[in-house]
Structure formats: structure tokens, C-alpha cells
>>> print(open('run_25.txt').read())   # compact mmCIF, C-alpha atoms
# COMPACT_ATOMS: atom_id res chain seq x y z
CA GLN A 31 1.93 44.87 46.37
CA ILE A 32 -1.05 43.43 48.15
CA ALA A 33 -3.29 44.89 45.46
CA LYS A 34 -1.21 43.24 42.72
CA ILE A 35 -1.36 39.88 44.47
CA ALA A 36 -5.07 40.25 45.01
CA MET A 37 -5.60 41.14 41.34
CA ALA A 38 -3.57 38.10 40.30
CA MET A 39 -5.70 35.93 42.55
CA ASN A 40 -8.92 37.62 41.36
CA VAL A 41 -9.84 38.70 44.90
CA ALA A 42 -11.23 42.09 45.90
CA VAL A 43 -9.29 44.26 48.35
CA VAL A 44 -11.12 46.51 50.79
CA GLN A 45 -9.48 49.84 51.63
CA PRO A 46 -8.78 50.58 55.33
CA ALA A 47 -11.19 53.52 55.28
CA GLN A 48 -13.97 51.17 54.21
CA VAL A 49 -13.32 48.82 57.12
CA MET A 50 -15.31 50.57 59.82
CA GLN A 51 -17.86 47.93 60.62
CA PRO A 52 -17.15 44.34 61.53
CA ILE A 53 -16.76 42.22 58.40
CA SER A 54 -18.65 38.99 58.17
CA THR A 55 -17.27 36.45 55.71
CA ALA A 56 -18.51 32.89 55.44
CA GLY A 57 -19.74 32.91 59.01
CA ILE A 58 -16.46 34.32 60.42
CA GLN A 59 -16.72 37.61 62.27
CA LEU A 60 -13.68 39.93 61.71
CA GLN A 61 -13.16 43.12 63.68
CA PRO A 62 -11.46 46.28 62.27
CA ALA A 63 -7.95 46.90 63.59
CA ALA A 64 -7.14 49.70 65.96
CA GLN A 65 -6.46 53.25 64.67
CA GLY A 66 -8.07 52.71 61.26
CA PHE A 67 -5.57 50.17 59.98
CA ALA A 68 -6.76 46.80 58.82
CA THR A 69 -4.78 43.59 59.02
CA PRO A 70 -4.28 41.66 55.76
CA LEU A 71 -6.85 39.13 56.94
CA GLN A 72 -9.39 41.92 57.38
CA THR A 73 -8.67 43.64 54.03
CA VAL A 74 -9.56 40.70 51.82
CA ASN A 75 -13.16 40.22 50.77
CA TYR A 76 -13.52 36.49 50.30
CA SER A 77 -15.94 36.72 47.41
CA ARG A 78 -14.31 33.88 45.46
CA ARG A 79 -13.44 30.38 46.52
CA ILE A 80 -9.69 29.67 46.13
CA ASP A 81 -8.68 26.11 45.34
CA ALA A 82 -5.43 24.38 46.30
CA GLN A 83 -4.30 23.84 42.70
CA TYR A 84 -4.49 27.57 42.00
CA ILE A 85 -2.45 28.36 45.13
CA ALA A 86 0.13 25.71 44.20
CA SER A 87 0.56 27.16 40.70
CA TYR A 88 0.91 30.65 42.19
CA ASP A 89 3.52 29.39 44.69
CA GLY A 90 5.39 27.77 41.79
CA LEU A 91 5.50 31.08 39.95
CA ILE A 92 6.79 32.84 43.06
CA THR A 93 9.52 30.21 43.41
CA GLN A 94 10.55 30.75 39.77
CA ILE A 95 10.70 34.51 40.29
CA GLN A 96 12.88 34.08 43.37
CA ALA A 97 15.19 31.70 41.48
CA LEU A 98 15.58 34.21 38.67
CA ALA A 99 16.31 37.04 41.10
CA SER A 100 19.87 35.77 41.58
CA ALA A 101 20.43 34.85 37.91
CA ASP A 102 22.63 37.90 37.23
CA ASN A 103 24.91 37.10 40.17
CA ASP A 104 25.01 33.43 39.18
CA LEU A 105 25.96 34.37 35.61
CA ALA A 106 28.71 36.73 36.78
CA THR A 107 30.09 34.06 39.12
CA ALA A 108 29.98 31.41 36.39
CA ARG A 109 31.78 33.72 33.95
CA GLU A 110 34.51 34.48 36.49
CA ASP A 111 34.93 30.77 37.29
CA PHE A 112 35.14 30.06 33.56
CA LYS A 113 37.88 32.68 33.15
CA GLN A 114 39.86 31.25 36.06
CA VAL A 115 39.56 27.68 34.80
CA THR A 116 40.56 28.81 31.30
CA ARG A 117 43.68 30.50 32.68
CA ALA A 118 44.53 27.44 34.76
CA GLU A 119 44.01 25.17 31.74
CA LYS A 120 46.31 27.31 29.57
CA LYS A 121 48.92 27.26 32.34
CA ALA A 122 48.62 23.47 32.64
CA GLU A 123 48.91 23.13 28.86
CA GLY A 124 52.06 25.27 28.95
CA LYS A 125 53.57 23.09 31.68
CA ARG A 126 52.72 19.95 29.71
CA THR A 127 54.26 21.25 26.48
CA GLY A 128 57.32 22.45 28.41
CA ASN A 129 57.62 18.99 29.93
CA GLU A 130 57.39 17.39 26.47
CA MET A 131 60.13 19.71 25.21
CA LYS A 132 62.37 18.82 28.17
CA ILE A 133 61.83 15.12 27.50
CA ALA A 134 62.70 15.55 23.82
CA LYS A 135 65.83 17.57 24.69
CA LEU A 136 67.01 14.99 27.23
CA GLN A 137 66.48 12.18 24.72
CA VAL A 138 68.59 14.07 22.15
CA ARG A 139 71.35 14.68 24.72
CA ILE A 140 71.38 10.99 25.74
CA ASN A 141 71.49 9.97 22.09
CA GLU A 142 74.38 12.38 21.43
CA CYS A 143 76.35 11.00 24.38
CA GLN A 144 75.79 7.43 23.19
CA THR A 145 76.47 7.91 19.48
CA SER A 146 78.63 10.99 18.98
CA CYS A 147 82.39 10.72 18.69
CA PHE A 148 82.82 14.10 20.33
CA PHE A 149 80.18 13.99 23.13
CA GLY A 150 80.62 10.27 23.76
CA THR A 151 84.32 10.48 24.55
CA THR A 152 85.34 11.34 28.10
CA ALA A 153 88.75 12.61 27.00
CA LEU A 154 87.09 15.30 24.88
CA GLN A 155 84.64 16.34 27.62
CA PRO A 156 86.63 17.97 30.45
CA GLN A 157 83.46 18.79 32.44
CA THR A 158 82.95 15.04 32.94
CA TRP A 159 86.49 14.20 34.12
CA CYS A 160 85.78 14.63 37.85
CA SER A 161 82.19 13.41 37.78
CA GLY A 162 82.50 9.87 36.45
CA GLY A 163 82.93 10.52 32.75
CA VAL A 164 80.40 10.14 29.95
CA PRO A 165 78.78 6.95 31.38
CA ALA A 166 77.93 8.84 34.61
CA LYS A 167 76.64 11.76 32.55
CA ILE A 168 74.35 9.37 30.63
CA GLU A 169 73.06 7.95 33.94
CA ARG A 170 72.32 11.46 35.24
CA LEU A 171 70.51 12.37 32.00
CA GLU A 172 68.49 9.13 32.16
CA ALA A 173 67.52 9.92 35.77
CA GLN A 174 66.38 13.40 34.69
CA LEU A 175 64.47 11.83 31.78
CA ALA A 176 62.72 9.37 34.10
CA ALA A 177 61.74 12.21 36.46
CA GLU A 178 60.31 14.28 33.59
CA GLU A 179 58.42 11.30 32.18
CA GLY A 180 57.00 10.64 35.66
CA GLN A 181 55.62 14.17 35.79
CA ALA A 182 54.14 13.92 32.27
CA GLY A 183 51.26 11.64 33.32
CA GLY A 184 50.16 13.95 36.13
CA LEU A 185 50.35 17.01 33.90
CA VAL A 186 48.24 15.35 31.20
CA GLU A 187 45.66 14.24 33.78
CA LYS A 188 45.45 17.71 35.35
CA GLU A 189 45.01 19.32 31.93
CA LYS A 190 42.24 16.83 31.08
CA GLN A 191 40.40 17.58 34.34
CA LEU A 192 40.62 21.32 33.71
CA GLU A 193 39.33 20.89 30.15
CA GLU A 194 36.34 18.92 31.48
CA ARG A 195 35.64 21.58 34.12
CA GLN A 196 35.99 24.27 31.46
CA GLU A 197 33.39 22.53 29.28
CA GLU A 198 31.00 22.22 32.26
CA LEU A 199 31.34 25.93 32.99
CA ARG A 200 30.92 26.81 29.29
CA GLN A 201 27.60 24.93 29.29
CA LEU A 202 26.55 26.60 32.57
CA VAL A 203 27.31 30.07 31.22
CA SER A 204 25.40 29.39 28.00
CA THR A 205 22.45 28.12 30.05
CA LEU A 206 22.44 31.19 32.31
CA GLU A 207 22.72 33.57 29.36
>>> encode(input="run_25.txt", output="C-alpha cells")
Amino acid sequence: QIAKIAMAMNVAVVQPAQVMQPISTAGIQLQPAAQGFATPLQTVNYSRRIDAQYIASYDGLITQIQALASADNDLATAREDFKQVTRAEKKAEGKRTGNEMKIAKLQVRINECQTSCFFGTTALQPQTWCSGGVPAKIERLEAQLAAEEGQAGGLVEKEKQLEERQEELRQLVSTLE
């Protein structure tokens, strides 16, 4: 690896066997390491001047390589998040459509109680005899309708947030791919 870095930097590398005598570079005296091993400072022959701009560009490339090292994990995580958000969005959409169906059904039932000769007459509806008759039934249905309509706004908002998050994750996944 040191040889690859040295080649990229256009610097010569001295093998440990060649480092037997003290190395003199630009007026700096370097001694060989003990037991025939050379330290990285001792293995480099400083035959070329290295400027700061070159080092900065090299550091930038290293940073890019390190950022790309986790790209596969980032892509897998983004895909999994996208799947979870998609499932949650479909579930929220199902709740919203179910809520809309309940609202429509309650409106039909209220309308039937108010306009129908059969459902609007307490005498013909024995299940309403002990619970206040048809007017009380209409009040209960209107209370249920108000509760369902109150939930509708929150369900629509939650679905909208999930759709926005889903679009963000779709863009992230396409960027990582």
C-alpha cells in the first residue's frame, strides 16, 4: 500500500534492505531503524518537492473513496426505508379511503332516517323504542359523522407527509444507484 501511495505521489520508495547507512535528505540526517526495519519516514527518498495543492487534491480523493466505501450500505438502508414508508403510505391511504366510506355510509343512513317513511318512523323501528326514537338515532349518527369527519383531516395530512417522505427516499435511492 505504501508503494501504491508513493507511486501516486511520484516519490521513490527505498526497500528496508537498502537502508543500511544513514540517509541524508535535504540536510536532515535519518538513522535506519533497529533490526533492519525502516520507519515510513526513513523509507521515502525525498527526490521530488511536494506542494500543498497536490496534497490537498490527494486528500480530497481519499475522502471521496472513504465516502463511497459505505455507499452499498447506504443504498440498502435507503431501499429498506423506502419500502417501509411505501407500506405505511398504503396503510394510511387505506385508512383514509375507509374513513371516506364510513362518512358516506353515515350520510346515507342520516338521509334515510330523515326522508324515509319506513326508517323515519319510530313506530316501525322497534330497536329505537327504548333509546329515544328516530330523532335520538339521528343525533347518534350525526355524532358518529362528526367524529369521522374530524379524523379525516388528520388522515389526509398523515398520508400527504408519507407521500412527501416517499418521494424524498425515491430521489435518494436513485441518487445512490
>>> residues_around(input="run_25.txt", residues="Thr116 of chain A", least_positions_apart="2", cutoff="12 Å", atoms="all atoms listed in the file", output="PyMOL selection string")
chain A and resi 109-114+118-123+189+191-200
>>> atom_distance(input="run_25.txt", atom1="atom CA of Gly184 of chain A", atom2="atom CA of Ile168 of chain A")
25.2 Å
>>> atom_distance(input="run_25.txt", atom1="atom CA of Gly183 of chain A", atom2="atom CA of Thr127 of chain A")
12.2 Å
>>> closest_residue(input="run_25.txt", among="A:Ala108, A:Leu98, A:Ile85, A:Leu175", to="Lys135 of chain A", atoms="only C-alpha atoms")
A:Leu175
>>> residues_around(input="run_25.txt", residues="Leu136 of chain A", least_positions_apart="4", cutoff="12 Å", atoms="all atoms listed in the file", output="list in words")
Asn129, Glu130, Met131, Lys132, Ile140, Asn141, Glu142, Cys143, Lys167, Ile168, Glu169, Arg170, Leu171, Glu172, Ala173, Gln174, Leu175, Ala176, Ala177, Glu178 and Glu179 of chain A
>>> write_last_selection(input="run_25.txt", atoms="C-alpha atoms", output="PDB file, keeping the file's coordinate frame")
ATOM      1  CA  ASN A 129      57.620  18.990  29.930  1.00  0.00           C
ATOM      2  CA  GLU A 130      57.390  17.390  26.470  1.00  0.00           C
ATOM      3  CA  MET A 131      60.130  19.710  25.210  1.00  0.00           C
ATOM      4  CA  LYS A 132      62.370  18.820  28.170  1.00  0.00           C
ATOM      5  CA  ILE A 140      71.380  10.990  25.740  1.00  0.00           C
ATOM      6  CA  ASN A 141      71.490   9.970  22.090  1.00  0.00           C
ATOM      7  CA  GLU A 142      74.380  12.380  21.430  1.00  0.00           C
ATOM      8  CA  CYS A 143      76.350  11.000  24.380  1.00  0.00           C
ATOM      9  CA  LYS A 167      76.640  11.760  32.550  1.00  0.00           C
ATOM     10  CA  ILE A 168      74.350   9.370  30.630  1.00  0.00           C
ATOM     11  CA  GLU A 169      73.060   7.950  33.940  1.00  0.00           C
ATOM     12  CA  ARG A 170      72.320  11.460  35.240  1.00  0.00           C
ATOM     13  CA  LEU A 171      70.510  12.370  32.000  1.00  0.00           C
ATOM     14  CA  GLU A 172      68.490   9.130  32.160  1.00  0.00           C
ATOM     15  CA  ALA A 173      67.520   9.920  35.770  1.00  0.00           C
ATOM     16  CA  GLN A 174      66.380  13.400  34.690  1.00  0.00           C
ATOM     17  CA  LEU A 175      64.470  11.830  31.780  1.00  0.00           C
ATOM     18  CA  ALA A 176      62.720   9.370  34.100  1.00  0.00           C
ATOM     19  CA  ALA A 177      61.740  12.210  36.460  1.00  0.00           C
ATOM     20  CA  GLU A 178      60.310  14.280  33.590  1.00  0.00           C
ATOM     21  CA  GLU A 179      58.420  11.300  32.180  1.00  0.00           C
TER      22      GLU A 179
END
